[in-house]
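Visitor: File follows, target_6.pdb with PDB, C-alpha atoms and all ligand atoms:
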```pdb
ATOM      1  CA  MET W   1      26.254  -3.756 -19.481
ATOM      2  CA  PRO W   2      25.508  -7.158 -21.006
ATOM      3  CA  THR W   3      23.891  -9.261 -18.310
ATOM      4  CA  ALA W   4      21.031 -10.846 -20.250
ATOM      5  CA  LEU W   5      20.237 -14.205 -18.733
ATOM      6  CA  SER W   6      18.670 -16.595 -21.199
ATOM      7  CA  ASP W   7      18.732 -20.337 -21.914
ATOM      8  CA  GLY W   8      20.676 -19.682 -25.109
ATOM      9  CA  ARG W   9      23.815 -18.873 -23.148
ATOM     10  CA  ASN W  10      26.127 -21.465 -21.721
ATOM     11  CA  LEU W  11      27.292 -21.567 -18.148
ATOM     12  CA  SER W  12      30.783 -20.288 -18.843
ATOM     13  CA  GLU W  13      29.381 -17.190 -20.566
ATOM     14  CA  ILE W  14      27.143 -16.528 -17.603
ATOM     15  CA  MET W  15      29.981 -17.112 -15.141
ATOM     16  CA  GLU W  16      32.098 -14.667 -17.095
ATOM     17  CA  ASP W  17      29.413 -12.034 -16.643
ATOM     18  CA  VAL W  18      29.236 -12.887 -12.942
ATOM     19  CA  SER W  19      32.957 -12.365 -12.446
ATOM     20  CA  ARG W  20      32.787  -9.118 -14.393
ATOM     21  CA  ILE W  21      29.947  -7.891 -12.183
ATOM     22  CA  GLU W  22      31.850  -8.987  -9.078
ATOM     23  CA  ALA W  23      34.907  -7.067 -10.212
ATOM     24  CA  ARG W  24      32.816  -3.956 -10.878
ATOM     25  CA  LEU W  25      31.120  -4.108  -7.492
ATOM     26  CA  PHE W  26      34.443  -4.580  -5.761
ATOM     27  CA  LEU W  27      36.040  -1.667  -7.621
ATOM     28  CA  VAL W  28      33.108   0.636  -6.880
ATOM     29  CA  ALA W  29      33.111  -0.269  -3.174
ATOM     30  CA  PHE W  30      36.878   0.068  -2.975
ATOM     31  CA  GLY W  31      36.727   3.486  -4.625
ATOM     32  CA  MET W  32      34.095   4.699  -2.164
ATOM     33  CA  GLN W  33      36.203   3.521   0.740
ATOM     34  CA  ALA W  34      39.324   5.173  -0.683
ATOM     35  CA  ARG W  35      37.440   8.462  -1.017
ATOM     36  CA  ARG W  36      36.278   8.279   2.592
ATOM     37  CA  THR W  37      39.461   7.123   4.281
ATOM     38  CA  LEU W  38      42.451   8.314   2.262
ATOM     39  CA  LYS W  39      43.914  11.747   1.727
ATOM     40  CA  PRO W  40      42.875  13.056  -1.721
ATOM     41  CA  GLU W  41      46.443  13.034  -3.034
ATOM     42  CA  VAL W  42      46.802   9.392  -2.024
ATOM     43  CA  ALA W  43      43.345   8.373  -3.222
ATOM     44  CA  GLN W  44      43.519  10.049  -6.639
ATOM     45  CA  PRO W  45      45.859   7.621  -8.438
ATOM     46  CA  LEU W  46      43.806   4.747  -7.042
ATOM     47  CA  LEU W  47      40.569   6.345  -8.209
ATOM     48  CA  ASP W  48      42.063   6.935 -11.653
ATOM     49  CA  TYR W  49      43.024   3.283 -11.849
ATOM     50  CA  ILE W  50      39.568   2.178 -10.676
ATOM     51  CA  ASP W  51      37.907   4.406 -13.291
ATOM     52  CA  LYS W  52      40.096   2.937 -15.998
ATOM     53  CA  ARG W  53      39.336  -0.648 -14.940
ATOM     54  CA  LEU W  54      35.610   0.049 -14.739
ATOM     55  CA  LYS W  55      35.671   1.438 -18.278
ATOM     56  CA  GLU W  56      37.545  -1.612 -19.516
ATOM     57  CA  LEU W  57      35.172  -3.987 -17.761
ATOM     58  CA  SER W  58      32.094  -2.257 -19.135
ATOM     59  CA  GLN W  59      33.465  -2.386 -22.680
ATOM     60  CA  VAL W  60      34.364  -6.039 -22.910
ATOM     61  CA  ALA W  61      31.463  -8.173 -24.030
ATOM     62  CA  ILE W  62      31.488 -11.205 -26.270
ATOM     63  CA  CYS W  63      29.429 -11.045 -29.446
ATOM     64  CA  GLU W  64      26.094 -12.854 -29.173
ATOM     65  CA  ILE W  65      26.119 -13.816 -32.860
ATOM     66  CA  CYS W  66      29.561 -15.352 -33.418
ATOM     67  CA  ASN W  67      30.594 -15.810 -29.758
ATOM     68  CA  VAL W  68      34.136 -14.849 -30.714
ATOM     69  CA  GLY W  69      34.460 -11.123 -31.159
ATOM     70  CA  GLU W  70      34.857  -8.806 -28.223
ATOM     71  CA  ILE W  71      32.243  -6.111 -28.679
ATOM     72  CA  THR W  72      33.516  -2.581 -28.501
ATOM     73  CA  GLU W  73      31.414   0.520 -28.102
ATOM     74  CA  GLU W  74      31.776   3.258 -30.692
ATOM     75  CA  HIS W  75      29.610   6.350 -30.597
ATOM     76  CA  CYS W  76      26.674   4.541 -29.040
ATOM     77  CA  LYS W  77      27.049   1.598 -31.425
ATOM     78  CA  LEU W  78      28.136  -1.815 -30.168
ATOM     79  CA  VAL W  79      30.193  -3.413 -32.899
ATOM     80  CA  CYS W  80      31.718  -6.898 -33.197
ATOM     81  CA  PRO W  81      35.141  -6.765 -34.882
ATOM     82  CA  ASN W  82      34.866 -10.431 -35.866
ATOM     83  CA  CYS W  83      31.557 -10.688 -37.742
ATOM     84  CA  GLY W  84      30.577  -7.037 -37.971
ATOM     85  CA  HIS W  85      27.361  -7.510 -36.007
ATOM     86  CA  ALA W  86      26.307  -4.108 -34.693
ATOM     87  CA  ARG W  87      23.558  -2.845 -32.512
ATOM     88  CA  ASP W  88      22.594   0.411 -30.949
ATOM     89  CA  CYS W  89      23.595   0.711 -27.308
ATOM     90  CA  SER W  90      20.045   1.803 -26.449
ATOM     91  CA  ASP W  91      18.741  -1.641 -27.496
ATOM     92  CA  PRO W  92      17.893  -3.953 -24.597
TER      93      PRO W  92
HETATM   94 ZN    ZN W 101      30.412 -11.315 -33.869
END
```
Let me see the file written as structure tokens.
Ligand SMILES: [Zn+2]
Guide:
Amino acid sequence: MPTALSDGRNLSEIMEDVSRIEARLFLVAFGMQARRTLKPEVAQPLLDYIDKRLKELSQVAICEICNVGEITEEHCKLVCPNCGHARDCSDP
């Protein structure tokens, strides 16, 4: 996930990452608790929802080149729909 801290980023970008990380941590912790404490048939729809949200959260990243496009991941390529900037998802 995009969490690179550098001086080139402004505070609001960094705060956006922070809230995304917070949301992920919360969802993961909530899912673990649901697995432990709820009956499987009750927990399953919750876990499905959590999975879906985690996928969404991990996919949304703003392009570092144009700062407009929301990067989407396609076959291990991160592509900006706005400026076309692409990089491999194995890049740091
Ligand atoms: Zn872009």
Visitor: Report as a CSV table (one decimal) with C-alpha atoms, keeping the file's coordinate frame which protein, DNA and RNA residues come within 7 Å of ligand ZN 101 (chain W), using all atoms listed in the file.
Guide:
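Generated file (pocket-v4.csv):
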```csv
chain,number,residue,atom,x,y,z
W,63,CYS,CA,29.4,-11.0,-29.4
W,64,GLU,CA,26.1,-12.9,-29.2
W,65,ILE,CA,26.1,-13.8,-32.9
W,66,CYS,CA,29.6,-15.4,-33.4
W,67,ASN,CA,30.6,-15.8,-29.8
W,68,VAL,CA,34.1,-14.8,-30.7
W,69,GLY,CA,34.5,-11.1,-31.2
W,80,CYS,CA,31.7,-6.9,-33.2
W,81,PRO,CA,35.1,-6.8,-34.9
W,82,ASN,CA,34.9,-10.4,-35.9
W,83,CYS,CA,31.6,-10.7,-37.7
W,84,GLY,CA,30.6,-7.0,-38.0
W,85,HIS,CA,27.4,-7.5,-36.0
```
Visitor: Apply the PyMOL selection byres (((chain W and resi 26-37) around 8) and not hetatm) to the displayed file and report the matching residues as a PyMOL selection string.
Guide: chain W and resi 22-25+38-40+43+46-47+50+54
Visitor: What is the atom CA of Pro45 of chain W-atom CA of Cys76 of chain W distance in Å, reported with one decimal?
Guide: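 Atom CA of Cys76 of chain W lies 28.3 Å from atom CA of Pro45 of chain W.
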Visitor: Between atom CA of Ser58 of chain W and atom CA of Gly8 of chain W, measure the distance and give it in Å to one decimal.
Guide: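 We find that atom CA of Ser58 of chain W and atom CA of Gly8 of chain W lie 21.7 Å from each other.
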Visitor: Using the file's own x, y and z axes, what box holds all listed atoms of segment 15-29 of chain W with 8 Å on each side, keeping edges along x, y and z, and what are its centre and edge lengths in Å to one decimal, as AutoDock Vina command-line options?
Guide:
```
--center_x 32.6 --center_y -8.2 --center_z -10.1 --size_x 22.8 --size_y 33.7 --size_z 29.9
```
Visitor: Give me, please, the distance in Å between atom CA of Ser19 of chain W and atom CA of His75 of chain W, quoted to one decimal.
Guide: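 So the two atoms, atom CA of Ser19 of chain W and atom CA of His75 of chain W, lie 26.3 Å apart.
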Visitor: Rank nothing, just name the residue among W:Arg20, W:Glu74, W:Asp88, W:Glu13 nearest to Arg53 of chain W, using only C-alpha atoms.
Guide: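 Among the listed residues, W:Arg20 lies closest to Arg53 of chain W.
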Visitor: When distances are computed from all atoms listed in the file, which of W:Val18, W:Thr72, W:Val79, W:Val42 shows the smallest separation from Lys55 of chain W?
Guide: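 Among the listed residues, W:Thr72 lies closest to Lys55 of chain W.
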